[in-house]
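Student: Structure incoming, see below.
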Amino acid sequence: MNIYVLMKKTFDTEEKIQISDGKIETDGAEFIINPYDEYAIEEAIKVRDEHGGEVTVVTIGDEESESQLRTALAMGADKAVLINTEDDVEEGDQVTTTKILEAYFEDKEVDLILAGNVAIDEASGQVGPRLAAKLDIPYVTTITSLEIDGDTVKIDKDVEGDVEKVETSLPLLVTCQQGLNEPRYPSLPGIMKAKKKPLEELEIDDLDLDEDDVEASTETVEVFLPPEKEAGKVLEGETDEQVKELVSLLKTEAKVL
Amino acid sequence: MNFELTKEQEMTRKMVRDFAVDKIKPRAIDIDTKADFPEDLFKEMGELGLLGIPFPEEEGGSGGDTVTYALAVEEIGRVCGSTGLSYAAAVSLGSSPIYMFGTDEQRKKFLKPLAEGEALGSFGLTEPNAGSDAGGTKTTANLEGDEYVINGEKCFITNASYAKQIIVTAVTGKDSRGKNIISAIIVPTDSPGLKISDNYDKMGVRGSNTAEIVLEDVRVPKENLLGDPDAGFKQFLRTLDGGRISIAALGVGIAQASLDRALAYAKERKQFGKPISSFQAIQFKLADMAMEVELARNMVMKAAWLKDNGKPFTKEAAYAKLFATETATRSANQAIQILGGYGYMREYEVERFLRDAKLLEIGEGTSEIQRMVIARQLGC
């Protein structure tokens with residue numbers, strides 16, 4: 001089975017986001033595999049171990065993305081592909097990413113593509129479904145269970161806390177939700193083996209694309225941090241008065257009534 | 001000169017940090033208060049290959065190096081001194097001597113299960129009357145036919161209650177000048193006549209198992225003699241050189257944890273209308289702690305690098321152990337001071353850091369012994 005994982009690196013959840021000149025400051029920041037993509041990697045490895053085949057992890061990024069790819073290889077993926085857009089793409093969006101991936105998958109035999117439900121940085125959740133549409137294969141988002149039997153695939157899909165049972169077929173693209181599995185730690189032997197596993201590096205030129213082909217369809221107008229949380233208000237006095245004051249504040253200050 | 005870690009070292013550090021924070025940290029208070037050896041965590045650490053980091057794959061290890069191993073000890077020590085100490089002792093004292101001095105047979109039989117994480121090993125050097133003066137060893141091993149018959153007593157032996165085997169040092173004869181010859185012998189813990197008891201009530205590293213051992217006519221095959229029969233003393237000095245790097249790394253972990261807690265608290269805690277981190281008295285403490293942690297870590301990394309590159313490292317390992325463990329004690333003590341009354345409470349963990357750190361100034365060569373080692377290296 002040819003299994004592919006779409007992976008993105010994101011800020012470490014411990015990082016404090018800083019903005020300068022309307023851009024998020026990335027200097028000195030720690031990066032990690034997008035946590036939802038870790039579910040995708042884990043599931044891909046499990047599917048391979050059960051049904052055989054090969055897991056290839058694909059990322060679009062820069063030189064630094066090699067660390068996250070090596071980690072995926074250390075977890076047990078077989079191959080990694082880095083599409084390095086550092087020199088070619090200044091401002092990309094989901095359309096850019098999908099175009100590049102579409103070109104990459106053009107000559108690939110695909111049985112299963114797994115991606116994270118969303119990336120925790122921009123949280124658009126679009127790349128998976130967009131790519132499936134371009135490749136003309138079915139897709140199911142936010143899956144919490146995956147069972148493959150021949151060409152038939154049984155899926156549990158999380159719908160805002162409820163479960164939807166879906167039956168579909170291969171080839172297929174799924175995006176992975178929390179609860180699907182518990183991603184393994186890359187073991188020491190895994191880390192050592194990862195050194196010797198193939199990591200292919202491509203540029204968009206290798207995919208017969210140039211900068212114009214992958215132009216973003218959206219424009220970022222402004223980047224800002226959410227307002228700082230202000231101290232809460234404690235109402236005082238008799239309960240009756242407090243209720244009156246609360247209602248009035250909800251009307252005049254919060255304007256929610 | 002290159003201060004950057006390799007990708008594998010970086011990845012290992014991240015993996016161990018994630019594992020430590022997810023699995024060990026939530027249990028650290030319990031491990032301490034109940035003095036409960038976390039056997040299940042060691043099983044998981046074994047499965048991740050942590051118990052075999054500095055040994056080659058052919059020996060069941062993970063094919064890492066001393067730098068990687070020191071990083072792993074630091075990360076575990078950062079969340080739990082007890083687990084960190086038992087981990088460091090298992091690798092540096094339980095496994096390393098067999099790797100360094102064992103025959104092919106011995107490595108296959110005794111090292112492989114340890115490196116693969118299926119069992120733990122111990123090192124029995126200290127005796128009730130022989131601590132820093134290891135030459136005062138009273139335990140004897142007499143060759144009778146094909147077997148050594150061992151008699152004696154060992155104390156303060158880390159992990160012994162959970163060990164598959166203990167490397168025991170014993171007097172096997174006298175040299176031409178009439179001095180005791182000390183050898184090291186691998187003793188399986190299921191040998192008849194071997195008694196292990198762990199009744200110590202310790203100040204710190206309470207979840208790390210520490211045991212007393214009594215050997216009464218314990219018989220082991222003579223093939224269990226480890227390395228050169230006449231150089232047991234030299235062998236365990238070399239073993240301790242390596243062990244010191246890991247104890248130093250553990251000190252860095254505890255010192256870093258103390259700094260982390262103190263800094264986070266100082267930024268949040270408000271007095272006189274300002275966070276206490278804006279007061280110079282607190283700032284100076286934090287600045288000193290941060291500086292010392294970094295200096296200690298650099299020394300540990302240098303000693304580990306020297307060892308990995310086959311260069312002499314005795315002096316540097318002693319520097320690292322002396323400075324990093326005393327840094328751990330100082331940092332933990334200052335962290336308590338910065339947290340004030342809260343710091344004195346178990347829930348805030350920094351009081352445990354101090355109790356755990358103190359052991360590091362004593363175990364595997366006291367601070368005083370480190371100074372003697374350094375002085376000797378200076379030619380005194």
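Just remember, in the structure tokens the first chain shown is A, the second B, etc., residues are 1-based per chain, and ligands are 1-based in the order shown.
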Would you mind writing down, as an MDAnalysis selection string, each residue of region 166-378 of chain B that DSSP on the backbone assigns to alpha helix (DSSP H)?
Tutor: chainID B and resid 232:268 280:308 314:343 350:360 367:377
Student: Leaving out Arg17 (chain B) and any residue of its chain fewer than 3 positions from it, which residues lie within 9 Å of it when counting only C-alpha atoms, given as an MDAnalysis selection string?
Tutor: chainID B and resid 12:14 20:22 72 75:76 78:79
Student: Given the selection you just returned, output its residues as a file containing all heavy atoms, formatted as a PDB file, in the first residue's frame.
Tutor:
```
ATOM      1  N   THR B  12      16.977  13.167  20.241  1.00  0.00           N
ATOM      2  CA  THR B  12      16.902  12.365  21.458  1.00  0.00           C
ATOM      3  C   THR B  12      16.518  13.251  22.638  1.00  0.00           C
ATOM      4  O   THR B  12      15.674  12.895  23.446  1.00  0.00           O
ATOM      5  CB  THR B  12      18.259  11.679  21.746  1.00  0.00           C
ATOM      6  OG1 THR B  12      18.649  10.957  20.590  1.00  0.00           O
ATOM      7  CG2 THR B  12      18.158  10.746  22.934  1.00  0.00           C
ATOM      8  N   ARG B  13      17.123  14.425  22.694  1.00  0.00           N
ATOM      9  CA  ARG B  13      16.811  15.312  23.806  1.00  0.00           C
ATOM     10  C   ARG B  13      15.315  15.657  23.812  1.00  0.00           C
ATOM     11  O   ARG B  13      14.661  15.610  24.837  1.00  0.00           O
ATOM     12  CB  ARG B  13      17.633  16.601  23.731  1.00  0.00           C
ATOM     13  CG  ARG B  13      17.213  17.569  24.829  1.00  0.00           C
ATOM     14  CD  ARG B  13      18.243  18.576  25.118  1.00  0.00           C
ATOM     15  NE  ARG B  13      18.295  19.565  24.058  1.00  0.00           N
ATOM     16  CZ  ARG B  13      19.042  20.669  24.133  1.00  0.00           C
ATOM     17  NH1 ARG B  13      19.796  20.873  25.181  1.00  0.00           N
ATOM     18  NH2 ARG B  13      19.036  21.528  23.163  1.00  0.00           N
ATOM     19  N   LYS B  14      14.788  15.932  22.623  1.00  0.00           N
ATOM     20  CA  LYS B  14      13.380  16.302  22.539  1.00  0.00           C
ATOM     21  C   LYS B  14      12.487  15.130  22.935  1.00  0.00           C
ATOM     22  O   LYS B  14      11.522  15.283  23.673  1.00  0.00           O
ATOM     23  CB  LYS B  14      13.053  16.770  21.115  1.00  0.00           C
ATOM     24  CG  LYS B  14      11.584  17.026  20.932  1.00  0.00           C
ATOM     25  CD  LYS B  14      11.273  18.133  19.993  1.00  0.00           C
ATOM     26  CE  LYS B  14       9.831  18.600  20.125  1.00  0.00           C
ATOM     27  NZ  LYS B  14       8.868  17.604  20.573  1.00  0.00           N
ATOM     28  N   ALA B  20       9.647  12.568  29.516  1.00  0.00           N
ATOM     29  CA  ALA B  20       9.789  12.939  30.930  1.00  0.00           C
ATOM     30  C   ALA B  20       8.616  13.807  31.384  1.00  0.00           C
ATOM     31  O   ALA B  20       8.055  13.599  32.459  1.00  0.00           O
ATOM     32  CB  ALA B  20      11.120  13.660  31.152  1.00  0.00           C
ATOM     33  N   VAL B  21       8.252  14.760  30.553  1.00  0.00           N
ATOM     34  CA  VAL B  21       7.176  15.683  30.937  1.00  0.00           C
ATOM     35  C   VAL B  21       5.820  14.962  30.947  1.00  0.00           C
ATOM     36  O   VAL B  21       5.014  15.145  31.851  1.00  0.00           O
ATOM     37  CB  VAL B  21       7.158  16.909  29.996  1.00  0.00           C
ATOM     38  CG1 VAL B  21       5.898  17.733  30.200  1.00  0.00           C
ATOM     39  CG2 VAL B  21       8.404  17.766  30.233  1.00  0.00           C
ATOM     40  N   ASP B  22       5.594  14.095  29.939  1.00  0.00           N
ATOM     41  CA  ASP B  22       4.295  13.404  29.850  1.00  0.00           C
ATOM     42  C   ASP B  22       4.147  12.309  30.905  1.00  0.00           C
ATOM     43  O   ASP B  22       3.098  12.157  31.499  1.00  0.00           O
ATOM     44  CB  ASP B  22       4.121  12.729  28.476  1.00  0.00           C
ATOM     45  CG  ASP B  22       4.101  13.734  27.343  1.00  0.00           C
ATOM     46  OD1 ASP B  22       3.956  14.939  27.623  1.00  0.00           O
ATOM     47  OD2 ASP B  22       4.241  13.316  26.178  1.00  0.00           O
ATOM     48  N   ALA B  72      20.085  12.904  27.918  1.00  0.00           N
ATOM     49  CA  ALA B  72      18.925  12.138  28.393  1.00  0.00           C
ATOM     50  C   ALA B  72      18.839  12.189  29.919  1.00  0.00           C
ATOM     51  O   ALA B  72      17.767  12.394  30.490  1.00  0.00           O
ATOM     52  CB  ALA B  72      19.018  10.693  27.905  1.00  0.00           C
ATOM     53  N   GLU B  75      17.522  15.570  31.052  1.00  0.00           N
ATOM     54  CA  GLU B  75      16.082  15.758  30.853  1.00  0.00           C
ATOM     55  C   GLU B  75      15.261  14.982  31.870  1.00  0.00           C
ATOM     56  O   GLU B  75      14.223  15.455  32.334  1.00  0.00           O
ATOM     57  CB  GLU B  75      15.679  15.363  29.427  1.00  0.00           C
ATOM     58  CG  GLU B  75      16.199  16.301  28.345  1.00  0.00           C
ATOM     59  CD  GLU B  75      15.748  17.751  28.519  1.00  0.00           C
ATOM     60  OE1 GLU B  75      14.686  17.994  29.117  1.00  0.00           O
ATOM     61  OE2 GLU B  75      16.482  18.652  28.058  1.00  0.00           O
ATOM     62  N   ILE B  76      15.701  13.791  32.222  1.00  0.00           N
ATOM     63  CA  ILE B  76      14.963  13.021  33.223  1.00  0.00           C
ATOM     64  C   ILE B  76      15.150  13.660  34.604  1.00  0.00           C
ATOM     65  O   ILE B  76      14.199  13.827  35.367  1.00  0.00           O
ATOM     66  CB  ILE B  76      15.382  11.538  33.193  1.00  0.00           C
ATOM     67  CG1 ILE B  76      14.889  10.923  31.885  1.00  0.00           C
ATOM     68  CG2 ILE B  76      14.796  10.783  34.382  1.00  0.00           C
ATOM     69  CD1 ILE B  76      15.381   9.539  31.619  1.00  0.00           C
ATOM     70  N   ARG B  78      15.574  16.637  35.229  1.00  0.00           N
ATOM     71  CA  ARG B  78      14.842  17.905  35.271  1.00  0.00           C
ATOM     72  C   ARG B  78      13.430  17.735  35.833  1.00  0.00           C
ATOM     73  O   ARG B  78      12.849  18.662  36.360  1.00  0.00           O
ATOM     74  CB  ARG B  78      14.782  18.456  33.841  1.00  0.00           C
ATOM     75  CG  ARG B  78      14.467  19.908  33.744  1.00  0.00           C
ATOM     76  CD  ARG B  78      14.708  20.347  32.318  1.00  0.00           C
ATOM     77  NE  ARG B  78      14.145  21.653  32.073  1.00  0.00           N
ATOM     78  CZ  ARG B  78      14.229  22.285  30.918  1.00  0.00           C
ATOM     79  NH1 ARG B  78      14.861  21.729  29.902  1.00  0.00           N
ATOM     80  NH2 ARG B  78      13.690  23.464  30.760  1.00  0.00           N
ATOM     81  N   VAL B  79      12.865  16.538  35.687  1.00  0.00           N
ATOM     82  CA  VAL B  79      11.533  16.314  36.244  1.00  0.00           C
ATOM     83  C   VAL B  79      11.535  15.436  37.488  1.00  0.00           C
ATOM     84  O   VAL B  79      10.649  15.549  38.325  1.00  0.00           O
ATOM     85  CB  VAL B  79      10.542  15.717  35.206  1.00  0.00           C
ATOM     86  CG1 VAL B  79      10.401  16.639  34.002  1.00  0.00           C
ATOM     87  CG2 VAL B  79      10.955  14.332  34.778  1.00  0.00           C
TER      88      VAL B  79
END
```
Student: What are the closest atom pairs, with distances in Å to one decimal, for all residues of chain B lying within 8 Å of chain A? Consider only C-alpha atoms, order rows by chain and residue number, and present the result as a tab-separated table.
Tutor:
```
residue	atom	partner	partner_atom	distance
B:Lys7	CA	A:Ser67	CA	6.9
B:Glu8	CA	A:Ile191	CA	6.2
B:Met11	CA	A:Thr71	CA	6.9
B:Thr12	CA	A:Leu188	CA	6.9
B:Met15	CA	A:Tyr185	CA	6.3
B:Phe19	CA	A:Tyr185	CA	7.4
B:Glu47	CA	A:Ser187	CA	7.5
B:Leu48	CA	A:Ser187	CA	4.4
B:Gly49	CA	A:Leu188	CA	5.0
B:Leu50	CA	A:Leu188	CA	6.6
B:Ile53	CA	A:Leu188	CA	7.2
B:Ser62	CA	A:Pro189	CA	5.2
B:Gly63	CA	A:Met192	CA	7.2
B:Gly64	CA	A:Met192	CA	7.7
```
Student: Near Lys34 (chain B), within 8 Å and counting only C-alpha atoms, which residues show up once chain neighbours fewer than 2 positions away are dropped, as number ranges by chain?
Tutor: B: 30-32, 36, 206-207
Student: Contacts of region 311-313 of chain B at 10 Å or less, counting only C-alpha atoms, minus same-chain residues fewer than 3 places along, as an mmCIF file with N, CA and C atoms, in the first residue's frame?
Tutor:
```
data_model
loop_
_atom_site.group_PDB
_atom_site.id
_atom_site.type_symbol
_atom_site.label_atom_id
_atom_site.label_comp_id
_atom_site.auth_asym_id
_atom_site.auth_seq_id
_atom_site.Cartn_x
_atom_site.Cartn_y
_atom_site.Cartn_z
ATOM 1 N N ARG B 238 37.946 3.912 36.705
ATOM 2 C CA ARG B 238 37.519 4.308 35.352
ATOM 3 C C ARG B 238 36.001 4.310 35.222
ATOM 4 N N ASP B 241 34.805 7.454 36.772
ATOM 5 C CA ASP B 241 35.046 8.617 35.895
ATOM 6 C C ASP B 241 33.861 8.838 34.968
ATOM 7 N N GLY B 242 33.398 7.742 34.344
ATOM 8 C CA GLY B 242 32.257 7.841 33.424
ATOM 9 C C GLY B 242 30.986 8.177 34.184
ATOM 10 N N ILE B 245 30.174 11.841 34.927
ATOM 11 C CA ILE B 245 29.568 12.669 33.884
ATOM 12 C C ILE B 245 28.045 12.606 34.006
ATOM 13 N N LYS B 302 31.537 19.058 27.676
ATOM 14 C CA LYS B 302 32.944 18.918 27.312
ATOM 15 C C LYS B 302 33.508 17.582 27.793
ATOM 16 N N ALA B 303 33.191 17.237 29.035
ATOM 17 C CA ALA B 303 33.687 15.958 29.562
ATOM 18 C C ALA B 303 33.149 14.805 28.718
ATOM 19 N N ALA B 304 31.857 14.890 28.358
ATOM 20 C CA ALA B 304 31.239 13.825 27.548
ATOM 21 C C ALA B 304 31.891 13.762 26.165
ATOM 22 N N TRP B 305 32.148 14.925 25.602
ATOM 23 C CA TRP B 305 32.779 14.974 24.281
ATOM 24 C C TRP B 305 34.171 14.372 24.321
ATOM 25 N N LEU B 306 34.938 14.695 25.363
ATOM 26 C CA LEU B 306 36.284 14.127 25.491
ATOM 27 C C LEU B 306 36.209 12.607 25.547
ATOM 28 N N LYS B 307 35.247 12.098 26.338
ATOM 29 C CA LYS B 307 35.107 10.651 26.462
ATOM 30 C C LYS B 307 34.757 10.042 25.102
ATOM 31 N N ASP B 308 33.802 10.671 24.394
ATOM 32 C CA ASP B 308 33.396 10.157 23.081
ATOM 33 C C ASP B 308 34.538 10.173 22.075
ATOM 34 N N GLU B 316 38.224 16.531 33.795
ATOM 35 C CA GLU B 316 37.028 17.261 33.353
ATOM 36 C C GLU B 316 35.762 16.652 33.947
ATOM 37 N N ALA B 317 35.734 15.315 34.075
ATOM 38 C CA ALA B 317 34.561 14.672 34.675
ATOM 39 C C ALA B 317 34.446 15.095 36.142
ATOM 40 N N ALA B 318 35.579 15.237 36.810
ATOM 41 C CA ALA B 318 35.566 15.666 38.216
ATOM 42 C C ALA B 318 35.139 17.130 38.327
ATOM 43 N N TYR B 319 35.660 17.972 37.422
ATOM 44 C CA TYR B 319 35.202 19.372 37.384
ATOM 45 C C TYR B 319 33.679 19.406 37.249
#
```
Student: Compile the contact shell of Asp206 (chain A) as a short mmCIF file (atom, residue, chain, number, x, y, z; two decimals) with all heavy atoms, in the first residue's frame: residues with an atom at most 12 Å away, counting only C-alpha atoms, same-chain residues fewer than 3 positions apart removed.
Tutor:
```cif
data_model
loop_
_atom_site.label_atom_id
_atom_site.label_comp_id
_atom_site.auth_asym_id
_atom_site.auth_seq_id
_atom_site.Cartn_x
_atom_site.Cartn_y
_atom_site.Cartn_z
N LEU A 82 11.12 16.58 1.15
CA LEU A 82 11.06 17.99 1.51
C LEU A 82 10.95 18.80 0.23
O LEU A 82 11.83 18.75 -0.62
CB LEU A 82 12.32 18.40 2.29
CG LEU A 82 12.58 19.90 2.45
CD1 LEU A 82 11.45 20.58 3.21
CD2 LEU A 82 13.91 20.15 3.16
N ILE A 83 9.84 19.51 0.09
CA ILE A 83 9.72 20.43 -1.04
C ILE A 83 10.10 21.80 -0.50
O ILE A 83 9.34 22.41 0.25
CB ILE A 83 8.30 20.40 -1.64
CG1 ILE A 83 7.94 18.96 -2.02
CG2 ILE A 83 8.23 21.33 -2.85
CD1 ILE A 83 6.50 18.75 -2.46
N ASN A 84 11.31 22.19 -0.83
CA ASN A 84 11.87 23.41 -0.26
C ASN A 84 11.46 24.63 -1.08
O ASN A 84 11.84 24.78 -2.23
CB ASN A 84 13.40 23.29 -0.21
CG ASN A 84 14.03 24.40 0.60
OD1 ASN A 84 13.44 25.46 0.79
ND2 ASN A 84 15.24 24.16 1.09
N THR A 85 10.65 25.49 -0.47
CA THR A 85 10.14 26.66 -1.20
C THR A 85 10.76 27.96 -0.70
O THR A 85 10.29 29.05 -1.01
CB THR A 85 8.60 26.76 -1.03
OG1 THR A 85 8.30 26.83 0.37
CG2 THR A 85 7.89 25.58 -1.64
N ASP A 88 11.64 30.33 -3.46
CA ASP A 88 10.68 30.58 -4.55
C ASP A 88 9.36 31.18 -4.11
O ASP A 88 8.70 31.85 -4.88
CB ASP A 88 10.40 29.26 -5.29
CG ASP A 88 11.68 28.66 -5.83
OD1 ASP A 88 12.45 29.42 -6.43
OD2 ASP A 88 11.90 27.47 -5.63
N ILE A 100 1.25 22.93 -5.21
CA ILE A 100 2.54 22.23 -5.14
C ILE A 100 2.32 20.74 -4.90
O ILE A 100 2.92 19.89 -5.57
CB ILE A 100 3.44 22.84 -4.05
CG1 ILE A 100 3.77 24.31 -4.38
CG2 ILE A 100 4.72 22.03 -3.87
CD1 ILE A 100 4.44 25.07 -3.25
N ALA A 103 1.01 18.94 -7.95
CA ALA A 103 2.08 18.66 -8.90
C ALA A 103 2.94 17.49 -8.42
O ALA A 103 3.34 16.62 -9.20
CB ALA A 103 2.95 19.91 -9.09
N TYR A 104 3.17 17.45 -7.11
CA TYR A 104 3.99 16.35 -6.57
C TYR A 104 3.29 15.01 -6.77
O TYR A 104 3.90 14.02 -7.14
CB TYR A 104 4.29 16.58 -5.07
CG TYR A 104 4.93 15.38 -4.43
CD1 TYR A 104 6.29 15.10 -4.63
CD2 TYR A 104 4.18 14.48 -3.67
CE1 TYR A 104 6.88 13.97 -4.08
CE2 TYR A 104 4.75 13.34 -3.12
CZ TYR A 104 6.10 13.10 -3.32
OH TYR A 104 6.68 11.98 -2.79
N GLU A 200 14.36 12.97 0.34
CA GLU A 200 14.52 13.60 -0.96
C GLU A 200 14.19 15.08 -0.85
O GLU A 200 13.21 15.45 -0.20
CB GLU A 200 13.55 12.93 -1.95
CG GLU A 200 13.70 13.37 -3.38
CD GLU A 200 12.64 12.76 -4.29
OE1 GLU A 200 11.70 12.11 -3.80
OE2 GLU A 200 12.74 12.96 -5.51
N GLU A 201 15.02 15.92 -1.45
CA GLU A 201 14.72 17.34 -1.42
C GLU A 201 14.40 17.84 -2.82
O GLU A 201 15.15 17.61 -3.76
CB GLU A 201 15.89 18.13 -0.81
CG GLU A 201 15.48 19.55 -0.49
CD GLU A 201 16.56 20.36 0.25
OE1 GLU A 201 17.37 19.75 0.98
OE2 GLU A 201 16.55 21.58 0.07
N LEU A 202 13.26 18.52 -2.96
CA LEU A 202 12.83 19.04 -4.26
C LEU A 202 12.59 20.53 -4.16
O LEU A 202 12.34 21.06 -3.08
CB LEU A 202 11.49 18.38 -4.67
CG LEU A 202 11.44 16.86 -4.80
CD1 LEU A 202 10.00 16.41 -4.98
CD2 LEU A 202 12.29 16.40 -5.97
N GLU A 203 12.66 21.19 -5.31
CA GLU A 203 12.21 22.58 -5.38
C GLU A 203 11.05 22.62 -6.37
O GLU A 203 10.86 21.68 -7.13
CB GLU A 203 13.35 23.49 -5.81
CG GLU A 203 14.42 23.54 -4.74
CD GLU A 203 15.47 24.61 -4.99
OE1 GLU A 203 15.24 25.49 -5.85
OE2 GLU A 203 16.50 24.56 -4.34
N LEU A 209 6.95 23.73 -11.89
CA LEU A 209 6.15 24.88 -11.48
C LEU A 209 7.08 26.09 -11.41
O LEU A 209 8.27 25.95 -11.15
CB LEU A 209 5.55 24.66 -10.09
CG LEU A 209 4.50 23.55 -9.92
CD1 LEU A 209 4.23 23.33 -8.44
CD2 LEU A 209 3.21 23.92 -10.65
N ASP A 210 6.51 27.28 -11.66
CA ASP A 210 7.30 28.47 -11.31
C ASP A 210 6.48 29.35 -10.37
O ASP A 210 5.33 29.06 -10.05
CB ASP A 210 7.81 29.21 -12.55
CG ASP A 210 6.70 29.71 -13.43
OD1 ASP A 210 5.67 30.15 -12.86
OD2 ASP A 210 6.85 29.66 -14.66
#
```
Student: Please provide the set of residues having any atom within 7 Å of Gly124 (chain B), restricted to only C-alpha atoms, with same-chain residues fewer than 5 positions apart removed, written as a list in words.
Tutor: Lys154, Ile157, Ile166, Ile167, Val168 and Thr169 of chain B
Student: Take the selection from the previous step and output its residues with N, CA, C and O atoms, as a PDB file, in the first residue's frame.
Tutor:
```
ATOM      1  N   LYS B 154      27.772  -5.110  51.564  1.00  0.00           N
ATOM      2  CA  LYS B 154      27.819  -3.876  50.764  1.00  0.00           C
ATOM      3  C   LYS B 154      26.678  -2.970  51.215  1.00  0.00           C
ATOM      4  O   LYS B 154      25.635  -3.466  51.667  1.00  0.00           O
ATOM      5  N   ILE B 157      23.642   0.526  47.836  1.00  0.00           N
ATOM      6  CA  ILE B 157      23.771   0.084  46.451  1.00  0.00           C
ATOM      7  C   ILE B 157      22.484   0.420  45.665  1.00  0.00           C
ATOM      8  O   ILE B 157      21.411  -0.118  45.956  1.00  0.00           O
ATOM      9  N   ILE B 166      24.664  -8.038  40.184  1.00  0.00           N
ATOM     10  CA  ILE B 166      25.406  -6.958  40.823  1.00  0.00           C
ATOM     11  C   ILE B 166      26.893  -7.194  40.569  1.00  0.00           C
ATOM     12  O   ILE B 166      27.379  -8.320  40.736  1.00  0.00           O
ATOM     13  N   ILE B 167      27.577  -6.152  40.141  1.00  0.00           N
ATOM     14  CA  ILE B 167      29.027  -6.267  40.009  1.00  0.00           C
ATOM     15  C   ILE B 167      29.604  -5.954  41.386  1.00  0.00           C
ATOM     16  O   ILE B 167      29.461  -4.835  41.891  1.00  0.00           O
ATOM     17  N   VAL B 168      30.213  -6.949  42.006  1.00  0.00           N
ATOM     18  CA  VAL B 168      30.683  -6.806  43.383  1.00  0.00           C
ATOM     19  C   VAL B 168      32.208  -6.710  43.384  1.00  0.00           C
ATOM     20  O   VAL B 168      32.885  -7.491  42.715  1.00  0.00           O
ATOM     21  N   THR B 169      32.735  -5.749  44.117  1.00  0.00           N
ATOM     22  CA  THR B 169      34.189  -5.694  44.264  1.00  0.00           C
ATOM     23  C   THR B 169      34.573  -6.474  45.520  1.00  0.00           C
ATOM     24  O   THR B 169      33.895  -6.395  46.540  1.00  0.00           O
TER      25      THR B 169
END
```
Student: Could you jot down the CA of Phe110 (chain B) to CA of Gly363 (chain B) separation for me, Å, one decimal place?
Tutor: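 Here the two named atoms are 24.5 Å from each other.
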